[in-house]
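**Student:** Before anything else, here's the structure in question.
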Amino acid sequence: MSDIMSYLFQTNAIKFCEENKPFWYTSGKIGPYFINTHFVYGSEQEASEFLSFIDECLADKHSLPTKVFEKVFAQYEKNKIYRDVIDSMKQYIEQNIDVSEIDYISGGERRDWFFSNMIAFLLKIPHISIFKDLTTVTSDHEFKTFETTTDLHDKKILHVADLITVASSYLRAWIPAIRNLGGELAWSCVVVDRMQGGKQKIEAEGVKAFSLVNVDHTLFDKALELGIINQNQADMLTNYYVNPDETMKNFLLAHPEFLENALHADEKTKKRAQLLVDGNLYGLNT
């Protein structure tokens, strides 16, 4: 999946921090990279515009799948990066899952729909759009007909998504939404696995998990090979992969000015830094 990795770098879907300047996450923790998998739609701007379009469509859940599909299909036709990622995902699914066993492809609100709709179309399998409130709409694979999903008894579903981290969306919404209708979410396929335990959590629920790219040594080595990061950055990434909290705690102890500066920075950074301090997220106050 070397080409997919290159596209992730090219579109800034994976962005590494500058040396000794980790990113602030909304949780108040810090880390050496950001992942916005949906940027492989073509670019950050195109992906952001599409998300805004989805937001506008959410007012009418029944017409949404068709409108979303029309957008992704047009992008698939004109954008090589997006088309290559989708085609690679389709091929990967066909190589790892008996497609004849898949009754439905599902995708969850909102970023999953960048990928799940096109996969359903190309595999000629009906699609289930799952909303955050656990409601669902089923469409035929061409997205010409749609209806509220009422019964998935004895049906097997492949969930297609952009990313898996700790699998909170799967456990809170996607798996329950399918189970509530009597179906089985049997497989998951994502573009990127952040390797933070999500795969293990959903496999414990009986879901077989697949990913095109894993955020691990292979990805870091590729970034180093391409000159995107230097050796010091690669070392931090590797350490973070093995033990994220310990790595970031050691960084903060070695660079106390980083936290101090953040507490006096712009409002967003200040708020996140305060979360770190108030929650003692790295045990610095012990």
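Naming scheme: A, B, ... for chains in displayed order of the structure tokens; residues 1 onward per chain; ligands 1 onward as shown.
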Excluding same-chain residues fewer than 4 positions from Arg110 of chain A, what lies within 12 Å of it counting only C-alpha atoms, as an MDAnalysis selection string?
**Tutor:** chainID A and resid 38 47:48 50:58 64:65 68 106 114:117 129:132 160:163 169 174
**Student:** Enumerate the residues of segment 39-260 of chain A with a DSSP assignment of strand (DSSP E), computed from the backbone, and present them as a PyMOL selection string.
**Tutor:** chain A and resi 104-108+127-130+136-139+146-148+156-164+184-193+208-214
**Student:** Nearest to Val85 of chain A among A:Ile97, A:Ile157, A:Ile4, A:Ile30, with distances taken over only C-alpha atoms: which residue is it?
**Tutor:**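 Checking each candidate against Val85 of chain A, we get A:Ile4 as the closest.
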**Student:** My list of candidates is A:Val40, A:Lys67, A:Ala59, A:Ala173. Which is closest to Lys80 of chain A when distances are computed with only C-alpha atoms?
**Tutor:** A:Val40
**Student:** Can you pull out the residues contacting segment 225-238 of chain A? Cut-off 12 Å, using only C-alpha atoms, and skip same-chain residues under 5 positions away; I want them as a PyMOL selection string.
**Tutor:** chain A and resi 2+5-6+8-10+12+14-22+31-34+215-220+243-248+250-251
**Student:** Name all residues at most 6 Å from Ile105 of chain A (count only C-alpha atoms; drop same-chain ones fewer than 3 positions away) and give them as JSON, numbers by chain.
**Tutor:** {"A": [120, 127, 157, 158, 159]}
**Student:** Write the selection just made, keeping N, CA and C atoms, as a compact mmCIF listing (two decimals), in the first residue's frame?
**Tutor:**
# COMPACT_ATOMS: atom_id res chain seq x y z
N ALA A 120 -19.70 0.53 -2.10
CA ALA A 120 -20.98 -0.15 -2.33
C ALA A 120 -21.32 -0.16 -3.81
N HIS A 127 -26.32 -0.27 0.21
CA HIS A 127 -25.61 0.55 1.20
C HIS A 127 -26.54 0.96 2.33
N ILE A 157 -22.93 -7.54 7.40
CA ILE A 157 -22.61 -6.18 6.94
C ILE A 157 -21.11 -5.92 7.03
N LEU A 158 -20.58 -5.29 6.00
CA LEU A 158 -19.20 -4.78 6.00
C LEU A 158 -19.27 -3.28 6.23
N HIS A 159 -18.64 -2.80 7.29
CA HIS A 159 -18.61 -1.36 7.56
C HIS A 159 -17.33 -0.78 6.97
**Student:** What's the separation between atom CA of Leu152 of chain A and atom CA of Asp103 of chain A, in Å to one decimal place?
**Tutor:**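 Separating atom CA of Leu152 of chain A from atom CA of Asp103 of chain A is a distance of 9.3 Å.
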**Student:** I'd like the neighbourhood of Leu284 of chain A as a PyMOL selection string, where a residue qualifies if any of its atoms comes within 10 Å (using only C-alpha atoms), though same-chain residues fewer than 4 positions away should be ignored.
**Tutor:** chain A and resi 249-250+252-253+276-277+280
**Student:** Save the residues we just selected, N, CA and C atoms, as a tab-separated table (two decimals), in the first residue's frame?
**Tutor:**
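Result went into part_11.tsv, see below:
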chain	number	residue	atom	x	y	z
A	249	LYS	N	5.17	12.59	28.16
A	249	LYS	CA	5.56	13.04	29.50
A	249	LYS	C	7.05	13.38	29.52
A	250	ASN	N	7.87	12.51	28.95
A	250	ASN	CA	9.32	12.75	28.90
A	250	ASN	C	9.64	14.01	28.11
A	252	LEU	N	7.69	16.68	27.80
A	252	LEU	CA	7.31	17.85	28.61
A	252	LEU	C	8.31	18.10	29.74
A	253	LEU	N	8.84	17.02	30.32
A	253	LEU	CA	9.85	17.18	31.37
A	253	LEU	C	11.15	17.76	30.81
A	276	LEU	N	-4.72	19.83	30.02
A	276	LEU	CA	-3.60	18.96	30.39
A	276	LEU	C	-3.23	19.18	31.85
A	277	VAL	N	-3.14	20.47	32.24
A	277	VAL	CA	-2.74	20.80	33.61
A	277	VAL	C	-3.82	20.38	34.61
A	280	ASN	N	-4.13	16.74	34.96
A	280	ASN	CA	-2.85	16.07	35.26
A	280	ASN	C	-2.65	14.87	34.34
**Student:** Would you tabulate, counting only C-alpha atoms, all residues of segment 108-153 of chain A that have an atom at most 7 Å from an atom of segment 181-188 of chain A, showing the closest pair of atoms and their distance in Å to one decimal, sorted by chain then ascending number, as JSON lines?
**Tutor:**
{"residue": "A:Thr150", "atom": "CA", "partner": "A:Leu181", "partner_atom": "CA", "distance": 6.5}
{"residue": "A:Asp151", "atom": "CA", "partner": "A:Leu181", "partner_atom": "CA", "distance": 5.2}
{"residue": "A:Leu152", "atom": "CA", "partner": "A:Gly183", "partner_atom": "CA", "distance": 4.5}
{"residue": "A:His153", "atom": "CA", "partner": "A:Gly182", "partner_atom": "CA", "distance": 4.3}
**Student:** Go ahead and write the selection's residues with C-alpha atoms as an mmCIF file, in the first residue's frame.
**Tutor:**
data_model
loop_
_atom_site.group_PDB
_atom_site.id
_atom_site.type_symbol
_atom_site.label_atom_id
_atom_site.label_comp_id
_atom_site.auth_asym_id
_atom_site.auth_seq_id
_atom_site.Cartn_x
_atom_site.Cartn_y
_atom_site.Cartn_z
ATOM 1 C CA THR A 150 -36.420 -1.982 9.270
ATOM 2 C CA ASP A 151 -34.987 -5.512 9.351
ATOM 3 C CA LEU A 152 -31.478 -6.913 8.920
ATOM 4 C CA HIS A 153 -32.185 -10.346 10.403
#
**Student:** What does the distance between atom CA of Asp3 of chain A and atom CA of Lys71 of chain A come to in Å, to one decimal place?
**Tutor:**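 These atoms are spaced 23.8 Å apart.
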**Student:** Between A:Gln91, A:Asn239, A:Thr11, A:Thr135, which one has atoms that come closest to Ser43 of chain A, using only C-alpha atoms?
**Tutor:** A:Thr11
**Student:** Any idea what's packed within 9 Å of Met89 of chain A, counting only C-alpha atoms, ignoring anything in its chain fewer than 6 positions away? Could you give it as an mmCIF file with C-alpha atoms, in the first residue's frame?
**Tutor:**
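Once everything was written out, this is part-v2.cif:
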data_model
loop_
_atom_site.group_PDB
_atom_site.id
_atom_site.type_symbol
_atom_site.label_atom_id
_atom_site.label_comp_id
_atom_site.auth_asym_id
_atom_site.auth_seq_id
_atom_site.Cartn_x
_atom_site.Cartn_y
_atom_site.Cartn_z
ATOM 1 C CA PHE A 115 -15.550 5.886 1.105
ATOM 2 C CA ILE A 119 -17.307 0.886 -2.396
ATOM 3 C CA CYS A 189 -12.381 -1.999 6.480
ATOM 4 C CA VAL A 190 -10.746 1.394 7.047
ATOM 5 C CA VAL A 191 -8.194 3.411 5.130
ATOM 6 C CA SER A 211 -6.990 -1.588 7.179
ATOM 7 C CA LEU A 212 -5.071 -0.366 4.151
#
